[in-house]
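Quick look at work.pdb (PDB, C-alpha atoms):
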ATOM      1  CA  MET X   1      64.542  88.439 119.049
ATOM      2  CA  GLY X   2      66.830  88.570 122.064
ATOM      3  CA  ARG X   3      69.779  87.200 120.130
ATOM      4  CA  SER X   4      69.693  89.928 117.487
ATOM      5  CA  ALA X   5      69.527  92.600 120.175
ATOM      6  CA  THR X   6      72.535  91.055 121.874
ATOM      7  CA  THR X   7      74.388  90.943 118.567
ATOM      8  CA  LYS X   8      73.571  94.594 117.914
ATOM      9  CA  ASP X   9      74.789  95.515 121.395
ATOM     10  CA  ALA X  10      78.006  93.563 120.862
ATOM     11  CA  HIS X  11      78.584  95.285 117.508
ATOM     12  CA  ALA X  12      77.918  98.691 119.039
ATOM     13  CA  LEU X  13      80.314  97.965 121.891
ATOM     14  CA  PHE X  14      82.997  96.718 119.497
ATOM     15  CA  HIS X  15      82.547  99.772 117.272
ATOM     16  CA  SER X  16      82.781 102.187 120.210
ATOM     17  CA  LEU X  17      85.923 100.466 121.510
ATOM     18  CA  ARG X  18      87.497 100.557 118.048
ATOM     19  CA  SER X  19      86.723 104.241 117.566
ATOM     20  CA  ALA X  20      88.047 105.096 121.039
ATOM     21  CA  TYR X  21      91.236 103.099 120.420
ATOM     22  CA  ALA X  22      91.747 104.846 117.075
ATOM     23  CA  ALA X  23      92.261 108.087 119.023
ATOM     24  CA  THR X  24      95.017 106.495 121.127
ATOM     25  CA  PRO X  25      98.501 107.908 120.449
ATOM     26  CA  ASN X  26     100.924 105.700 118.524
ATOM     27  CA  ASN X  27     103.411 105.373 121.378
ATOM     28  CA  LEU X  28     100.706 103.793 123.550
ATOM     29  CA  LYS X  29      99.728 101.451 120.717
ATOM     30  CA  ILE X  30     103.345 100.285 120.460
ATOM     31  CA  ILE X  31     103.404  99.589 124.202
ATOM     32  CA  ASP X  32     100.115  97.695 123.824
ATOM     33  CA  LEU X  33     101.673  95.505 121.126
ATOM     34  CA  TYR X  34     104.650  94.822 123.387
ATOM     35  CA  ILE X  35     102.304  93.794 126.217
ATOM     36  CA  LEU X  36     100.363  91.542 123.844
ATOM     37  CA  PHE X  37     103.614  89.944 122.653
ATOM     38  CA  ALA X  38     104.807  89.294 126.215
ATOM     39  CA  VAL X  39     101.495  87.728 127.258
ATOM     40  CA  ALA X  40     101.310  85.634 124.071
ATOM     41  CA  THR X  41     104.838  84.364 124.692
ATOM     42  CA  ALA X  42     103.870  83.348 128.231
ATOM     43  CA  VAL X  43     100.786  81.520 126.937
ATOM     44  CA  ILE X  44     102.889  79.695 124.321
ATOM     45  CA  GLN X  45     105.352  78.628 127.008
ATOM     46  CA  VAL X  46     102.551  77.302 129.214
ATOM     47  CA  ALA X  47     101.031  75.413 126.265
ATOM     48  CA  TYR X  48     104.431  73.942 125.410
ATOM     49  CA  MET X  49     104.902  72.856 129.010
ATOM     50  CA  ALA X  50     101.455  71.236 129.004
ATOM     51  CA  ILE X  51     102.212  69.313 125.803
ATOM     52  CA  VAL X  52     105.864  68.350 126.266
ATOM     53  CA  GLY X  53     106.290  68.354 130.032
ATOM     54  CA  SER X  54     108.092  70.432 132.592
ATOM     55  CA  PHE X  55     111.381  68.612 133.124
ATOM     56  CA  PRO X  56     113.529  71.674 133.889
ATOM     57  CA  PHE X  57     110.760  73.291 135.947
ATOM     58  CA  ASN X  58     112.911  76.224 137.058
ATOM     59  CA  SER X  59     113.531  77.079 133.391
ATOM     60  CA  PHE X  60     109.800  77.029 132.724
ATOM     61  CA  LEU X  61     109.107  79.232 135.735
ATOM     62  CA  SER X  62     111.865  81.628 134.744
ATOM     63  CA  GLY X  63     110.520  81.997 131.222
ATOM     64  CA  VAL X  64     106.917  82.516 132.258
ATOM     65  CA  LEU X  65     107.761  84.885 135.107
ATOM     66  CA  SER X  66     110.021  86.857 132.796
ATOM     67  CA  CYS X  67     107.172  87.322 130.308
ATOM     68  CA  VAL X  68     104.572  88.130 132.936
ATOM     69  CA  GLY X  69     106.902  90.485 134.818
ATOM     70  CA  THR X  70     107.826  92.293 131.626
ATOM     71  CA  ALA X  71     104.148  92.662 130.746
ATOM     72  CA  VAL X  72     103.373  94.090 134.193
ATOM     73  CA  LEU X  73     106.236  96.575 133.915
ATOM     74  CA  ALA X  74     105.054  97.562 130.436
ATOM     75  CA  VAL X  75     101.543  98.186 131.785
ATOM     76  CA  SER X  76     103.101 100.425 134.409
ATOM     77  CA  LEU X  77     105.020 102.251 131.682
ATOM     78  CA  ARG X  78     101.819 102.700 129.678
ATOM     79  CA  ILE X  79     100.031 104.168 132.681
ATOM     80  CA  GLN X  80     102.866 106.608 133.372
ATOM     81  CA  VAL X  81     103.314 107.705 129.735
ATOM     82  CA  ASN X  82      99.587 108.218 129.062
ATOM     83  CA  LYS X  83      98.925 111.949 128.851
ATOM     84  CA  ASP X  84      95.288 111.515 129.919
ATOM     85  CA  ASN X  85      96.388 110.131 133.283
ATOM     86  CA  LYS X  86      96.341 113.045 135.741
ATOM     87  CA  GLU X  87      98.234 111.205 138.474
ATOM     88  CA  PHE X  88     101.522 111.160 136.540
ATOM     89  CA  LYS X  89     101.193 114.473 134.698
ATOM     90  CA  ASP X  90     104.406 115.875 136.237
ATOM     91  CA  LEU X  91     106.462 112.781 135.404
ATOM     92  CA  PRO X  92     108.433 113.157 132.160
ATOM     93  CA  PRO X  93     108.204 110.209 129.742
ATOM     94  CA  GLU X  94     111.986 109.826 129.815
ATOM     95  CA  ARG X  95     111.887 109.199 133.557
ATOM     96  CA  ALA X  96     109.102 106.644 133.133
ATOM     97  CA  PHE X  97     111.117 104.835 130.458
ATOM     98  CA  ALA X  98     114.241 104.898 132.634
ATOM     99  CA  ASP X  99     112.234 103.344 135.487
ATOM    100  CA  PHE X 100     110.963 100.693 133.075
ATOM    101  CA  VAL X 101     114.483  99.834 131.890
ATOM    102  CA  LEU X 102     115.920  99.735 135.409
ATOM    103  CA  CYS X 103     113.097  97.541 136.736
ATOM    104  CA  ASN X 104     113.458  95.223 133.738
ATOM    105  CA  LEU X 105     117.168  94.934 134.448
ATOM    106  CA  VAL X 106     116.511  94.000 138.077
ATOM    107  CA  LEU X 107     113.765  91.553 137.037
ATOM    108  CA  HIS X 108     115.990  89.760 134.571
ATOM    109  CA  LEU X 109     118.939  89.657 136.973
ATOM    110  CA  VAL X 110     116.679  87.901 139.478
ATOM    111  CA  ILE X 111     115.458  85.509 136.792
ATOM    112  CA  ILE X 112     118.998  84.677 135.675
ATOM    113  CA  ASN X 113     119.920  84.092 139.317
ATOM    114  CA  PHE X 114     116.895  81.801 139.679
ATOM    115  CA  LEU X 115     118.073  79.713 136.724
ATOM    116  CA  GLY X 116     121.274  79.011 138.621
TER
END

Please express what this file holds, its structure, as structure tokens.
Amino acid sequence: MGRSATTKDAHALFHSLRSAYAATPNNLKIIDLYILFAVATAVIQVAYMAIVGSFPFNSFLSGVLSCVGTAVLAVSLRIQVNKDNKEFKDLPPERAFADFVLCNLVLHLVIINFLG
């Protein structure tokens, strides 16, 4: 009895999330895919390190921090570009994208410097 009610609740929650996400603009969906790709790449790198080993540990850290940092910057871009967000309503999307590119450039310069 309790299990079927939980299953119904889970289906209702999943359906409501799917219908709400269907109304999301395409540019935000593209950013979401980019975030998912960056996080998945970080997870793959951690799994590879767990299986094979971490001989050049600074290379492993650089790769994972690059993926995680890029994902964090992409989340920031998504927040700034979202039209429903009232806090950044005066910020043009071009400025948000320029901030994203500049911060990514600084992030990757630091990561390349860390590699040595």

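For Ile111 in chain X, the non-local neighbours within 12 Å, defined as residues at least 3 positions apart in the same chain or in other chains and counting all atoms listed in the file, are Asn58, Ser59, Phe60, Leu61, Ser62, Gly63, Val64, Leu65, Ser66, Cys67, Val68, Gly69, Thr70, Asn104, Leu105, Val106, Leu107, His108, Phe114, Leu115 and Gly116 of chain X.
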
How would the residues just picked look written out with C-alpha atoms as a compact mmCIF listing (two decimals), keeping the file's coordinate frame?
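part.txt, written as the output of this step:
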# COMPACT_ATOMS: atom_id res chain seq x y z
CA ASN X 58 112.91 76.22 137.06
CA SER X 59 113.53 77.08 133.39
CA PHE X 60 109.80 77.03 132.72
CA LEU X 61 109.11 79.23 135.74
CA SER X 62 111.86 81.63 134.74
CA GLY X 63 110.52 82.00 131.22
CA VAL X 64 106.92 82.52 132.26
CA LEU X 65 107.76 84.88 135.11
CA SER X 66 110.02 86.86 132.80
CA CYS X 67 107.17 87.32 130.31
CA VAL X 68 104.57 88.13 132.94
CA GLY X 69 106.90 90.48 134.82
CA THR X 70 107.83 92.29 131.63
CA ASN X 104 113.46 95.22 133.74
CA LEU X 105 117.17 94.93 134.45
CA VAL X 106 116.51 94.00 138.08
CA LEU X 107 113.76 91.55 137.04
CA HIS X 108 115.99 89.76 134.57
CA PHE X 114 116.90 81.80 139.68
CA LEU X 115 118.07 79.71 136.72
CA GLY X 116 121.27 79.01 138.62

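Using only C-alpha atoms for every distance, the candidate list X:Arg18, X:Met49, X:Tyr34, X:Phe88 yields X:Tyr34 as the residue closest to Leu73 in chain X.
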
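Between CA of Leu28 in chain X and CA of Ala10 in chain X the interatomic distance comes to 25.0 Å.
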
List the residues sitting within 10 Å of (108.8, 96.0, 128.2) in the file's frame, using only C-alpha atoms, as a ChimeraX atom specification. /X:31-32,34-35,37-38,67,69-78,97,100-101,103-104

Box for range 18-21 of chain X: with edges along x, y and z, all listed atoms inside and 3 Å added on each side, what are the centre and edge lengths in Å to one decimal, as lines of an AutoDock Vina configuration file?
center_x = 89.0
center_y = 102.8
center_z = 119.3
size_x = 10.5
size_y = 10.5
size_z = 9.5
